[in-house]
$ cat target29.cif   # mmCIF, C-alpha atoms and all ligand atoms
data_protein
#
loop_
_atom_site.label_atom_id
_atom_site.label_comp_id
_atom_site.auth_asym_id
_atom_site.auth_seq_id
_atom_site.Cartn_x
_atom_site.Cartn_y
_atom_site.Cartn_z
CA MET C 1 -68.28 -74.56 -108.37
CA GLU C 2 -64.80 -73.25 -109.04
CA LEU C 3 -63.59 -73.67 -112.59
CA ALA C 4 -59.95 -74.57 -113.01
CA LEU C 5 -58.09 -72.94 -115.87
CA LYS C 6 -55.39 -75.26 -117.13
CA ASN C 7 -52.05 -73.91 -118.24
CA PRO C 8 -52.30 -73.56 -121.97
CA ILE C 9 -49.58 -74.83 -124.29
CA ALA C 10 -48.68 -71.76 -126.27
CA PRO C 11 -46.72 -69.04 -124.47
CA THR C 12 -48.84 -66.30 -126.03
CA THR C 13 -51.93 -67.78 -124.42
CA ARG C 14 -50.54 -67.12 -120.96
CA SER C 15 -50.78 -63.42 -121.51
CA PHE C 16 -54.35 -63.34 -120.30
CA LEU C 17 -53.00 -63.43 -116.76
CA LYS C 18 -51.24 -60.10 -117.28
CA PRO C 19 -52.93 -56.78 -118.02
CA LYS C 20 -53.62 -56.61 -121.75
CA PRO C 21 -51.33 -54.14 -123.55
CA LYS C 22 -53.24 -51.24 -125.08
CA VAL C 23 -52.78 -50.46 -128.77
CA LYS C 24 -51.64 -46.86 -128.33
CA SER C 25 -48.75 -46.45 -130.65
CA LEU C 26 -46.89 -48.20 -133.39
CA ARG C 27 -43.89 -50.27 -132.47
CA VAL C 28 -40.39 -48.72 -132.56
CA PHE C 29 -39.57 -50.08 -135.99
CA ASN C 30 -42.76 -48.55 -137.33
CA LEU C 31 -41.94 -45.18 -135.85
CA LYS C 32 -38.62 -45.26 -137.63
CA CYS C 33 -40.38 -46.01 -140.89
CA ILE C 34 -42.79 -43.13 -140.57
CA SER C 35 -40.38 -40.52 -139.21
CA SER C 36 -39.84 -39.05 -142.68
CA LEU C 37 -43.56 -38.99 -143.57
CA SER C 38 -45.95 -36.02 -143.41
CA SER C 39 -48.29 -35.71 -140.41
CA ALA C 40 -51.26 -36.82 -142.60
CA ASP C 41 -49.33 -39.96 -143.57
CA VAL C 42 -48.50 -40.60 -139.95
CA ALA C 43 -52.17 -40.29 -139.00
CA ALA C 44 -53.13 -42.68 -141.81
CA ALA C 45 -50.39 -45.12 -140.84
CA ALA C 46 -51.52 -45.11 -137.22
CA VAL C 47 -54.88 -46.64 -138.14
CA VAL C 48 -53.34 -49.44 -140.21
CA GLU C 49 -54.17 -52.51 -138.17
CA ARG C 50 -52.17 -55.24 -139.82
CA PRO C 51 -49.64 -56.63 -139.19
CA TRP C 52 -49.12 -54.68 -135.96
CA LYS C 53 -52.45 -55.40 -134.34
CA THR C 54 -52.12 -57.01 -130.92
CA SER C 55 -54.39 -59.77 -129.67
CA ASP C 56 -57.95 -58.67 -129.06
CA ALA C 57 -59.81 -61.98 -128.93
CA ARG C 58 -59.88 -65.08 -126.75
CA LEU C 59 -60.90 -68.63 -127.56
CA VAL C 60 -61.70 -70.47 -124.34
CA LEU C 61 -62.03 -74.23 -124.69
CA GLU C 62 -64.05 -76.44 -122.39
CA ASP C 63 -60.84 -78.13 -121.22
CA GLY C 64 -59.90 -74.87 -119.53
CA SER C 65 -57.32 -73.62 -122.02
CA VAL C 66 -57.41 -69.98 -123.10
CA TRP C 67 -56.02 -68.95 -126.49
CA ARG C 68 -55.25 -65.32 -127.24
CA ALA C 69 -55.69 -64.31 -130.84
CA LYS C 70 -56.37 -61.41 -133.17
CA SER C 71 -59.87 -60.96 -134.46
CA PHE C 72 -61.12 -60.35 -137.98
CA GLY C 73 -64.62 -60.40 -139.41
CA ALA C 74 -67.41 -59.90 -136.89
CA ARG C 75 -66.92 -59.09 -133.21
CA GLY C 76 -68.86 -60.37 -130.22
CA THR C 77 -69.13 -63.68 -128.39
CA GLN C 78 -69.94 -67.02 -129.96
CA VAL C 79 -70.09 -70.60 -128.72
CA GLY C 80 -69.49 -73.67 -130.88
CA GLU C 81 -67.68 -76.97 -131.29
CA VAL C 82 -64.13 -76.69 -132.60
CA VAL C 83 -63.19 -79.00 -135.48
CA PHE C 84 -60.04 -78.96 -137.60
CA ASN C 85 -60.08 -79.15 -141.37
CA THR C 86 -57.02 -80.36 -143.27
CA SER C 87 -57.95 -78.98 -146.72
CA LEU C 88 -55.23 -76.90 -148.29
CA THR C 89 -57.61 -74.81 -150.39
CA GLY C 90 -61.31 -74.12 -150.66
CA TYR C 91 -61.97 -72.06 -147.54
CA GLN C 92 -64.93 -70.31 -149.16
CA GLU C 93 -66.69 -73.62 -149.90
CA ILE C 94 -65.98 -74.67 -146.32
CA LEU C 95 -67.35 -71.40 -144.93
CA THR C 96 -70.58 -71.85 -146.89
CA ASP C 97 -71.04 -75.59 -146.23
CA PRO C 98 -74.17 -75.67 -144.00
CA SER C 99 -72.92 -78.89 -142.35
CA TYR C 100 -70.61 -76.71 -140.25
CA ALA C 101 -73.49 -75.01 -138.42
CA GLY C 102 -72.64 -74.81 -134.73
CA GLN C 103 -68.93 -75.39 -135.33
CA PHE C 104 -65.74 -73.35 -135.39
CA VAL C 105 -63.64 -74.50 -138.30
CA LEU C 106 -59.92 -74.45 -137.60
CA MET C 107 -57.88 -74.67 -140.79
CA THR C 108 -54.65 -76.66 -140.36
CA ASN C 109 -53.23 -75.04 -143.49
CA PRO C 110 -51.47 -72.07 -141.90
CA HIS C 111 -52.01 -69.51 -144.65
CA ILE C 112 -55.60 -68.51 -145.39
CA GLY C 113 -57.20 -65.63 -147.27
CA ASN C 114 -54.72 -65.21 -150.11
CA THR C 115 -57.30 -65.85 -152.85
CA GLY C 116 -60.07 -63.76 -151.27
CA VAL C 117 -63.63 -64.79 -152.10
CA ASN C 118 -65.56 -64.82 -155.38
CA PHE C 119 -69.09 -65.20 -156.80
CA ASP C 120 -68.76 -68.82 -157.92
CA ASP C 121 -67.53 -70.70 -154.88
CA GLU C 122 -70.56 -70.33 -152.64
CA GLU C 123 -71.94 -73.67 -151.48
CA SER C 124 -75.12 -72.22 -149.96
CA ARG C 125 -76.93 -68.94 -149.43
CA GLN C 126 -75.19 -68.18 -146.13
CA CYS C 127 -72.31 -68.96 -143.76
CA PHE C 128 -73.85 -71.10 -141.02
CA LEU C 129 -70.67 -71.96 -139.13
CA ALA C 130 -69.84 -70.49 -135.70
CA GLY C 131 -66.51 -69.02 -136.75
CA LEU C 132 -63.15 -69.44 -138.45
CA VAL C 133 -59.84 -70.12 -136.67
CA ILE C 134 -56.61 -69.71 -138.64
CA ARG C 135 -52.90 -69.35 -138.07
CA SER C 136 -52.08 -66.61 -140.53
CA LEU C 137 -54.39 -64.23 -142.37
CA SER C 138 -52.92 -63.30 -145.71
CA ILE C 139 -52.10 -59.61 -145.83
CA SER C 140 -52.67 -59.48 -149.56
CA THR C 141 -55.31 -60.99 -151.81
CA SER C 142 -54.55 -62.13 -155.32
CA ASN C 143 -56.75 -64.18 -157.63
CA TRP C 144 -58.38 -63.44 -160.97
CA ARG C 145 -61.80 -64.43 -159.65
CA CYS C 146 -61.52 -62.52 -156.38
CA THR C 147 -64.23 -59.95 -155.68
CA LYS C 148 -63.68 -59.36 -151.98
CA GLU C 149 -61.24 -59.87 -149.13
CA LEU C 150 -61.96 -62.66 -146.66
CA GLY C 151 -62.17 -60.34 -143.63
CA ASP C 152 -64.74 -58.05 -145.28
CA TYR C 153 -66.75 -61.07 -146.41
CA LEU C 154 -66.91 -62.48 -142.87
CA LEU C 155 -67.80 -59.09 -141.44
CA GLU C 156 -70.68 -58.70 -143.92
CA ARG C 157 -71.96 -62.14 -142.97
CA ASN C 158 -71.54 -61.52 -139.27
CA ILE C 159 -69.08 -64.38 -138.81
CA MET C 160 -66.23 -64.16 -136.31
CA GLY C 161 -62.70 -65.10 -137.30
CA ILE C 162 -59.41 -65.23 -135.40
CA TYR C 163 -55.82 -65.46 -136.56
CA ASP C 164 -52.35 -65.57 -135.03
CA VAL C 165 -53.36 -68.46 -132.84
CA ASP C 166 -51.39 -71.70 -132.49
CA THR C 167 -53.61 -73.88 -134.69
CA ARG C 168 -51.16 -76.80 -134.52
CA ALA C 169 -51.33 -76.91 -130.73
CA ILE C 170 -55.15 -76.76 -130.75
CA THR C 171 -55.31 -79.49 -133.42
CA ARG C 172 -53.06 -81.76 -131.34
CA ARG C 173 -55.31 -81.15 -128.35
CA LEU C 174 -58.42 -82.07 -130.39
CA ARG C 175 -56.73 -85.19 -131.74
CA GLN C 176 -55.71 -86.29 -128.24
CA ASP C 177 -58.82 -85.38 -126.28
CA GLY C 178 -61.49 -85.34 -129.00
CA SER C 179 -63.81 -82.53 -130.12
CA LEU C 180 -64.08 -79.61 -127.70
CA VAL C 181 -66.66 -76.90 -127.30
CA GLY C 182 -65.21 -73.40 -127.21
CA VAL C 183 -66.29 -69.80 -126.78
CA LEU C 184 -64.78 -67.10 -128.93
CA THR C 185 -65.02 -63.53 -127.76
CA THR C 186 -63.74 -60.05 -128.48
CA GLU C 187 -65.47 -58.69 -125.39
CA GLU C 188 -62.97 -57.59 -122.75
CA SER C 189 -65.65 -57.44 -120.08
CA LYS C 190 -66.16 -61.20 -120.07
CA THR C 191 -63.87 -63.10 -117.72
CA ASP C 192 -62.16 -66.34 -118.65
CA GLU C 193 -64.13 -68.13 -115.98
CA GLU C 194 -67.43 -66.86 -117.42
CA LEU C 195 -66.45 -68.02 -120.89
CA LEU C 196 -65.34 -71.40 -119.58
CA LYS C 197 -68.65 -71.85 -117.83
CA MET C 198 -70.44 -70.92 -121.06
CA SER C 199 -68.46 -73.50 -123.05
CA ARG C 200 -69.23 -76.19 -120.48
CA SER C 201 -72.93 -75.50 -120.45
CA TRP C 202 -73.44 -75.86 -124.22
CA ASP C 203 -73.49 -79.05 -126.26
CA ILE C 204 -73.91 -79.77 -129.95
CA VAL C 205 -75.07 -83.34 -129.30
CA GLY C 206 -78.81 -84.01 -129.34
CA ILE C 207 -79.82 -80.78 -131.13
CA ASP C 208 -81.74 -80.58 -134.42
CA LEU C 209 -79.55 -78.29 -136.50
CA ILE C 210 -80.92 -79.23 -139.91
CA SER C 211 -84.21 -77.37 -139.53
CA GLY C 212 -82.26 -74.12 -139.08
CA VAL C 213 -80.36 -74.45 -142.35
CA SER C 214 -82.89 -76.12 -144.66
CA CYS C 215 -84.90 -74.19 -147.23
CA THR C 216 -88.50 -73.52 -146.17
CA ALA C 217 -90.28 -74.14 -149.49
CA PRO C 218 -89.60 -76.37 -152.51
CA TYR C 219 -87.73 -74.93 -155.50
CA GLU C 220 -86.35 -76.11 -158.83
CA TRP C 221 -82.60 -76.27 -159.43
CA ALA C 222 -81.19 -76.14 -162.97
CA ASP C 223 -77.55 -74.95 -162.76
CA LYS C 224 -74.96 -77.39 -164.03
CA THR C 225 -71.24 -77.39 -163.41
CA ASP C 226 -69.74 -74.83 -165.78
CA PRO C 227 -68.67 -76.93 -168.83
CA GLU C 228 -65.29 -75.22 -168.70
CA TRP C 229 -64.73 -76.72 -165.24
CA ASP C 230 -66.50 -80.03 -165.82
CA PHE C 231 -64.17 -83.00 -166.11
CA ASN C 232 -66.83 -85.68 -166.45
CA CYS C 233 -69.57 -84.11 -168.55
CA GLU C 234 -71.18 -86.07 -171.32
CA GLY C 235 -73.81 -83.46 -172.13
CA ARG C 236 -76.75 -85.50 -170.89
CA GLY C 237 -80.25 -84.05 -171.14
CA LYS C 238 -82.81 -83.98 -168.35
CA ILE C 239 -83.53 -87.68 -168.03
CA TYR C 240 -84.41 -88.24 -164.40
CA HIS C 241 -86.51 -86.29 -161.94
CA VAL C 242 -84.81 -86.23 -158.55
CA ILE C 243 -86.28 -84.86 -155.34
CA ALA C 244 -83.42 -83.56 -153.18
CA TYR C 245 -84.11 -83.28 -149.45
CA ASP C 246 -82.35 -80.19 -148.16
CA PHE C 247 -80.89 -80.99 -144.75
CA GLY C 248 -78.22 -78.35 -145.45
CA ILE C 249 -77.49 -79.20 -149.07
CA LYS C 250 -74.34 -78.02 -150.82
CA ASN C 251 -74.84 -76.42 -154.22
CA ASN C 252 -72.29 -78.65 -155.86
CA ILE C 253 -74.36 -81.77 -155.15
CA LEU C 254 -77.15 -80.10 -157.13
CA ARG C 255 -74.80 -78.98 -159.89
CA ARG C 256 -73.38 -82.49 -160.27
CA LEU C 257 -76.86 -84.04 -160.39
CA ALA C 258 -77.89 -81.48 -163.03
CA SER C 259 -74.74 -82.15 -165.05
CA TYR C 260 -75.47 -85.89 -164.95
CA GLY C 261 -78.91 -85.28 -166.41
CA CYS C 262 -81.36 -84.65 -163.59
CA LYS C 263 -84.31 -82.34 -163.31
CA ILE C 264 -84.13 -81.41 -159.65
CA THR C 265 -86.73 -80.30 -157.13
CA VAL C 266 -85.24 -79.32 -153.78
CA VAL C 267 -87.57 -79.80 -150.81
CA PRO C 268 -87.32 -78.75 -147.13
CA SER C 269 -86.16 -81.17 -144.44
CA ASN C 270 -89.72 -81.61 -143.12
CA TRP C 271 -91.29 -82.29 -146.54
CA PRO C 272 -93.67 -85.26 -146.13
CA ALA C 273 -92.72 -88.50 -147.87
CA SER C 274 -96.30 -88.76 -149.19
CA GLU C 275 -95.89 -85.42 -151.03
CA THR C 276 -92.61 -86.63 -152.50
CA LEU C 277 -94.25 -89.82 -153.78
CA LYS C 278 -97.08 -87.77 -155.32
CA MET C 279 -94.44 -85.97 -157.42
CA LYS C 280 -93.47 -89.37 -158.91
CA PRO C 281 -89.69 -88.85 -158.84
CA ASP C 282 -87.23 -91.26 -160.44
CA GLY C 283 -84.99 -90.94 -157.40
CA VAL C 284 -84.58 -89.18 -154.07
CA LEU C 285 -81.40 -87.64 -152.70
CA PHE C 286 -80.89 -87.16 -148.97
CA SER C 287 -78.34 -84.39 -148.53
CA ASN C 288 -75.54 -83.56 -146.15
CA GLY C 289 -76.43 -81.50 -143.10
CA PRO C 290 -75.22 -80.28 -139.71
CA GLY C 291 -75.30 -81.81 -136.25
CA ASP C 292 -76.30 -85.02 -134.62
CA PRO C 293 -78.12 -87.46 -136.96
CA SER C 294 -79.80 -89.17 -134.01
CA ALA C 295 -81.43 -85.88 -132.99
CA VAL C 296 -83.70 -85.72 -136.06
CA PRO C 297 -86.07 -88.72 -135.79
CA TYR C 298 -88.64 -87.00 -138.04
CA ALA C 299 -86.12 -87.07 -140.92
CA VAL C 300 -85.37 -90.75 -140.26
CA GLU C 301 -89.13 -91.42 -140.44
CA THR C 302 -89.36 -89.65 -143.81
CA VAL C 303 -86.48 -91.76 -145.12
CA LYS C 304 -88.14 -94.94 -143.81
CA GLU C 305 -91.38 -94.10 -145.59
CA LEU C 306 -89.57 -93.74 -148.89
CA LEU C 307 -87.43 -96.88 -148.63
CA GLY C 308 -88.25 -99.43 -151.31
CA LYS C 309 -90.65 -97.08 -153.12
CA VAL C 310 -88.06 -95.10 -155.07
CA PRO C 311 -84.25 -95.39 -155.57
CA VAL C 312 -82.44 -93.32 -152.94
CA PHE C 313 -78.96 -91.89 -152.55
CA GLY C 314 -77.68 -90.46 -149.25
CA ILE C 315 -74.70 -88.18 -148.80
CA CYS C 316 -73.13 -87.68 -145.34
CA MET C 317 -76.11 -86.72 -143.09
CA GLY C 318 -78.28 -88.44 -145.73
CA HIS C 319 -76.15 -91.59 -145.35
CA GLN C 320 -76.49 -91.44 -141.55
CA LEU C 321 -80.28 -91.04 -141.80
CA LEU C 322 -80.41 -94.01 -144.18
CA GLY C 323 -78.30 -96.07 -141.77
CA GLN C 324 -80.83 -95.39 -139.02
CA ALA C 325 -83.85 -95.94 -141.29
CA LEU C 326 -82.42 -99.36 -142.18
CA GLY C 327 -82.28 -100.23 -138.49
CA GLY C 328 -78.72 -99.19 -137.60
CA ARG C 329 -77.38 -96.61 -135.16
CA THR C 330 -74.97 -93.69 -135.41
CA PHE C 331 -72.29 -92.68 -132.91
CA LYS C 332 -70.09 -89.63 -132.33
CA MET C 333 -66.49 -90.04 -133.44
CA LYS C 334 -63.55 -88.75 -131.40
CA PHE C 335 -62.79 -85.78 -133.63
CA GLY C 336 -64.38 -86.75 -136.93
CA HIS C 337 -63.11 -86.33 -140.46
CA HIS C 338 -62.81 -82.89 -142.03
CA GLY C 339 -60.61 -82.35 -145.05
CA GLY C 340 -59.86 -83.14 -148.65
CA ASN C 341 -57.34 -85.95 -148.19
CA HIS C 342 -59.15 -88.98 -146.78
CA PRO C 343 -58.36 -92.30 -148.45
CA VAL C 344 -61.38 -94.54 -148.93
CA ARG C 345 -61.49 -98.08 -150.25
CA ASN C 346 -64.33 -98.43 -152.72
CA LEU C 347 -65.14 -102.13 -152.32
CA LEU C 348 -67.49 -102.13 -155.33
CA ALA C 349 -64.84 -100.91 -157.77
CA ASN C 350 -61.89 -102.34 -155.80
CA ARG C 351 -59.95 -99.09 -155.85
CA VAL C 352 -58.81 -96.42 -153.44
CA GLU C 353 -60.29 -92.95 -153.80
CA ILE C 354 -59.01 -89.79 -152.13
CA SER C 355 -62.06 -88.05 -150.80
CA ALA C 356 -63.44 -84.86 -149.28
CA GLN C 357 -64.95 -85.49 -145.86
CA ASN C 358 -66.78 -83.51 -143.22
CA HIS C 359 -68.48 -85.41 -140.45
CA ASN C 360 -68.30 -86.02 -136.70
CA TYR C 361 -70.69 -88.97 -136.61
CA ALA C 362 -70.65 -92.35 -138.33
CA VAL C 363 -72.90 -95.35 -138.83
CA ASP C 364 -71.96 -98.38 -136.75
CA PRO C 365 -71.85 -101.19 -139.34
CA ALA C 366 -72.33 -103.84 -136.63
CA SER C 367 -75.76 -102.36 -135.90
CA LEU C 368 -77.04 -102.86 -139.45
CA PRO C 369 -79.36 -105.72 -140.37
CA GLU C 370 -78.50 -108.49 -142.79
CA GLY C 371 -78.62 -107.52 -146.44
CA VAL C 372 -77.08 -104.06 -145.89
CA GLU C 373 -73.60 -103.97 -147.42
CA VAL C 374 -70.69 -101.77 -146.41
CA THR C 375 -69.46 -100.60 -149.82
CA HIS C 376 -66.77 -98.08 -148.79
CA VAL C 377 -64.30 -98.02 -145.89
CA ASN C 378 -62.27 -95.08 -144.59
CA LEU C 379 -58.66 -96.28 -144.71
CA ASN C 380 -57.47 -94.00 -141.91
CA ASP C 381 -59.60 -95.61 -139.23
CA GLY C 382 -61.64 -98.39 -140.87
CA SER C 383 -64.95 -96.58 -140.31
CA CYS C 384 -67.94 -97.13 -142.56
CA ALA C 385 -67.80 -94.74 -145.54
CA GLY C 386 -70.56 -96.11 -147.74
CA LEU C 387 -73.58 -98.42 -147.72
CA ALA C 388 -75.87 -100.19 -150.14
CA PHE C 389 -79.03 -102.20 -149.75
CA PRO C 390 -79.68 -103.47 -153.27
CA ALA C 391 -83.02 -105.06 -152.35
CA LEU C 392 -84.44 -101.59 -151.64
CA ASN C 393 -82.38 -99.64 -154.24
CA VAL C 394 -80.44 -97.79 -151.56
CA MET C 395 -76.94 -96.36 -151.90
CA SER C 396 -75.06 -93.89 -149.72
CA LEU C 397 -71.71 -92.32 -148.96
CA GLN C 398 -70.47 -90.89 -145.66
CA TYR C 399 -68.28 -88.44 -147.54
CA HIS C 400 -68.56 -85.89 -150.36
CA PRO C 401 -68.40 -87.10 -153.98
CA GLU C 402 -69.28 -83.54 -155.03
CA ALA C 403 -65.99 -82.35 -153.45
CA SER C 404 -66.11 -78.54 -153.22
CA PRO C 405 -63.54 -78.39 -151.95
CA GLY C 406 -61.62 -81.55 -152.58
CA PRO C 407 -60.64 -84.27 -155.03
CA HIS C 408 -63.02 -85.58 -157.70
CA ASP C 409 -62.11 -89.28 -157.44
CA SER C 410 -65.62 -90.28 -156.34
CA ASP C 411 -67.61 -88.20 -158.83
CA SER C 412 -68.63 -91.32 -160.77
CA VAL C 413 -70.97 -92.30 -157.92
CA PHE C 414 -73.47 -89.81 -159.40
CA GLY C 415 -73.34 -91.96 -162.56
CA GLU C 416 -74.06 -95.01 -160.40
CA PHE C 417 -77.15 -93.25 -159.01
CA MET C 418 -78.27 -92.60 -162.63
CA GLU C 419 -77.77 -96.31 -163.39
CA LEU C 420 -79.84 -97.26 -160.35
CA MET C 421 -82.68 -94.95 -161.45
CA LYS C 422 -82.41 -96.31 -165.02
CA LYS C 423 -82.61 -99.92 -163.82
CA VAL C 424 -85.72 -99.24 -161.71
CA LYS C 425 -87.37 -97.14 -164.43
CA GLN C 426 -86.82 -99.86 -167.05
CA LYS C 427 -88.37 -102.48 -164.77
CA ALA C 428 -91.48 -100.38 -164.13
N1 LIG S 1 -71.44 -83.19 -143.88
C1 LIG S 1 -72.43 -83.76 -143.20
O1 LIG S 1 -73.51 -84.05 -143.69
C2 LIG S 1 -72.20 -83.97 -141.73
C3 LIG S 1 -73.12 -84.95 -141.10
C4 LIG S 1 -73.19 -84.83 -139.59
N2 LIG S 1 -73.59 -83.52 -139.22
C5 LIG S 1 -71.85 -85.18 -138.97
O2 LIG S 1 -71.16 -84.31 -138.49
O3 LIG S 1 -71.47 -86.33 -138.99
#

$ encode --input "target29.cif" --output "structure tokens"
Amino acid sequence: MELALKNPIAPTTRSFLKPKPKVKSLRVFNLKCISSLSSADVAAAAVVERPWKTSDARLVLEDGSVWRAKSFGARGTQVGEVVFNTSLTGYQEILTDPSYAGQFVLMTNPHIGNTGVNFDDEESRQCFLAGLVIRSLSISTSNWRCTKELGDYLLERNIMGIYDVDTRAITRRLRQDGSLVGVLTTEESKTDEELLKMSRSWDIVGIDLISGVSCTAPYEWADKTDPEWDFNCEGRGKIYHVIAYDFGIKNNILRRLASYGCKITVVPSNWPASETLKMKPDGVLFSNGPGDPSAVPYAVETVKELLGKVPVFGICMGHQLLGQALGGRTFKMKFGHHGGNHPVRNLLANRVEISAQNHNYAVDPASLPEGVEVTHVNLNDGSCAGLAFPALNVMSLQYHPEASPGPHDSDSVFGEFMELMKKVKQKA
């Protein structure tokens, strides 16, 4: 089969048809600058890559477009689904959010890297995403918490990044046509046609991605949000024991639960419901996680087995698993929601909250049985953003009350989970 390469939008992307210019010398204006320097300075200047580096990477999308870019971080070839994220800040939390496994995150904010990375903003033990796509990589790093530059951090973690690519044009393409699989490469030997074929023979749908990011053994979590940063801390003690299923859990969910007064045991995604019940928890949390929620029936089974036996709270993937366990179905959205500026109507409190979101799938409310209430609605597209089934002490959100990064408008939902556990505990 012959693969047709469409004409890409950005002029720079057409350059793949011409022989690639070799990086032999500095441009004329650079030569002028260095003409008065010593030969050692000239040698040192010649190895400075930025901002004179020419494109050395290609992102080939399954629609046939080829985007030339400059690489940073790791080199090689990587396939993944491209999603765009509209957050203005918080790239380190995004890079370490396990829910991005299998995806390239394209930041719509054009300027990334200026605050570097630090010790505190990690949301998990690793970067699970496929790669980072940005418009402009900051040439300087400045922040009091910064311990490393973004490029070095990605290199250490073997994650590919590209910059100087038309992120607005790619975003418009994703918005028009929906999510696209792409292949990112720094390997000259691979032809565009090969890469296109690779992108068309890979799919993120139908794969269990949570088992690859989950912890493998239970552990206790005690860290709270640093009181200096906490805006909603009432100094509660350890009142409730919560078992948190790790489908790709973000640290800030655990920190918020700890700050609200929970003793937390984190368990792997395949932890049997019977073992959880033996631990006699006051509540169970089903975490966020990557990939297709309909591709993990074993997790839906676990959720089903716990329904009605203990109060449960689902976040994002956890919400989608709950939706299925209650009898509903999930579907893939056109391009999903990724960013820190999604308005949600909280029907329980009758207010609008600006929320952090990161999902490509949603629960179809029409598929849910009677008694299940839609409690939150995404105001951009009317999709289901929260559920409750009071008869079984179930509550869930499609988005991220823990933020990281993003607004804190929905933080009080952790308090609602405490209330639910309190109510059930008092009845017992
Ligand atoms: N953040 C999440 O838990 C994402 C859930 C799921 N992987 C989705 O994309 O919809």

$ residues_around --input "target29.cif" --residues "stretch 124-134 of chain C" --least-positions-apart "3" --cutoff "9 Å" --atoms "all atoms listed in the file" --output "compact mmCIF listing (two decimals) with C-alpha atoms, in the coordinates of the input"
# COMPACT_ATOMS: atom_id res chain seq x y z
CA GLN C 78 -69.94 -67.02 -129.96
CA VAL C 79 -70.09 -70.60 -128.72
CA GLY C 80 -69.49 -73.67 -130.88
CA GLU C 81 -67.68 -76.97 -131.29
CA VAL C 82 -64.13 -76.69 -132.60
CA PHE C 84 -60.04 -78.96 -137.60
CA GLU C 93 -66.69 -73.62 -149.90
CA ILE C 94 -65.98 -74.67 -146.32
CA LEU C 95 -67.35 -71.40 -144.93
CA THR C 96 -70.58 -71.85 -146.89
CA ASP C 97 -71.04 -75.59 -146.23
CA PRO C 98 -74.17 -75.67 -144.00
CA SER C 99 -72.92 -78.89 -142.35
CA TYR C 100 -70.61 -76.71 -140.25
CA ALA C 101 -73.49 -75.01 -138.42
CA GLY C 102 -72.64 -74.81 -134.73
CA GLN C 103 -68.93 -75.39 -135.33
CA PHE C 104 -65.74 -73.35 -135.39
CA VAL C 105 -63.64 -74.50 -138.30
CA LEU C 106 -59.92 -74.45 -137.60
CA MET C 107 -57.88 -74.67 -140.79
CA THR C 108 -54.65 -76.66 -140.36
CA ASN C 109 -53.23 -75.04 -143.49
CA PRO C 110 -51.47 -72.07 -141.90
CA HIS C 111 -52.01 -69.51 -144.65
CA ILE C 112 -55.60 -68.51 -145.39
CA LEU C 137 -54.39 -64.23 -142.37
CA LEU C 154 -66.91 -62.48 -142.87
CA ARG C 157 -71.96 -62.14 -142.97
CA ASN C 158 -71.54 -61.52 -139.27
CA ILE C 159 -69.08 -64.38 -138.81
CA MET C 160 -66.23 -64.16 -136.31
CA GLY C 161 -62.70 -65.10 -137.30
CA ILE C 162 -59.41 -65.23 -135.40
CA TYR C 163 -55.82 -65.46 -136.56
CA ASP C 164 -52.35 -65.57 -135.03
CA VAL C 165 -53.36 -68.46 -132.84
CA ASP C 166 -51.39 -71.70 -132.49
CA THR C 167 -53.61 -73.88 -134.69
CA LEU C 184 -64.78 -67.10 -128.93
CA VAL C 213 -80.36 -74.45 -142.35
CA GLY C 248 -78.22 -78.35 -145.45
CA ILE C 249 -77.49 -79.20 -149.07
CA LYS C 250 -74.34 -78.02 -150.82
CA ASN C 251 -74.84 -76.42 -154.22

$ residues_near_ligand --input "target29.cif" --ligand "ligand LIG 1 (chain S)" --cutoff "7 Å" --atoms "all atoms listed in the file" --output "compact mmCIF listing (two decimals) with C-alpha atoms, in the frame of the given file"
# COMPACT_ATOMS: atom_id res chain seq x y z
CA SER C 99 -72.92 -78.89 -142.35
CA SER C 287 -78.34 -84.39 -148.53
CA ASN C 288 -75.54 -83.56 -146.15
CA GLY C 289 -76.43 -81.50 -143.10
CA PRO C 290 -75.22 -80.28 -139.71
CA GLY C 291 -75.30 -81.81 -136.25
CA ASP C 292 -76.30 -85.02 -134.62
CA PRO C 293 -78.12 -87.46 -136.96
CA ILE C 315 -74.70 -88.18 -148.80
CA CYS C 316 -73.13 -87.68 -145.34
CA MET C 317 -76.11 -86.72 -143.09
CA GLY C 318 -78.28 -88.44 -145.73
CA ASN C 358 -66.78 -83.51 -143.22
CA HIS C 359 -68.48 -85.41 -140.45
CA ASN C 360 -68.30 -86.02 -136.70
CA TYR C 361 -70.69 -88.97 -136.61
CA ALA C 362 -70.65 -92.35 -138.33

$ atom_distance --input "target29.cif" --atom1 "atom CA of C:Lys280" --atom2 "atom CA of C:Lys309"
10.0 Å

$ atom_distance --input "target29.cif" --atom1 "atom CA of C:Ser269" --atom2 "atom CA of C:Ile210"
7.2 Å

$ closest_residue --input "target29.cif" --among "C:Gln324, C:Leu347, C:Gly406, C:Ala428" --to "C:Val310" --atoms "only C-alpha atoms"
C:Ala428

$ closest_residue --input "target29.cif" --among "C:Ala403, C:Val377, C:Val372, C:Ala325" --to "C:Ser355" --atoms "only C-alpha atoms"
C:Ala403

$ residues_around --input "target29.cif" --residues "C:His342" --least-positions-apart "4" --cutoff "12 Å" --atoms "all atoms listed in the file" --output "PyMOL selection string"
chain C and resi 85-87+336-338+352-359+377-383+385+398-401+403+406-407+409-410

$ closest_residue --input "target29.cif" --among "C:Leu150, C:Ile207, C:Val344, C:Ile170" --to "C:Arg135" --atoms "all atoms listed in the file"
C:Ile170

$ atom_distance --input "target29.cif" --atom1 "atom CA of C:Glu188" --atom2 "atom CA of C:Asp56"
8.1 Å

$ residues_around --input "target29.cif" --residues "C:Thr186" --least-positions-apart "2" --cutoff "7 Å" --atoms "all atoms listed in the file" --output "ChimeraX atom specification"
/C:56-58,75-77,188
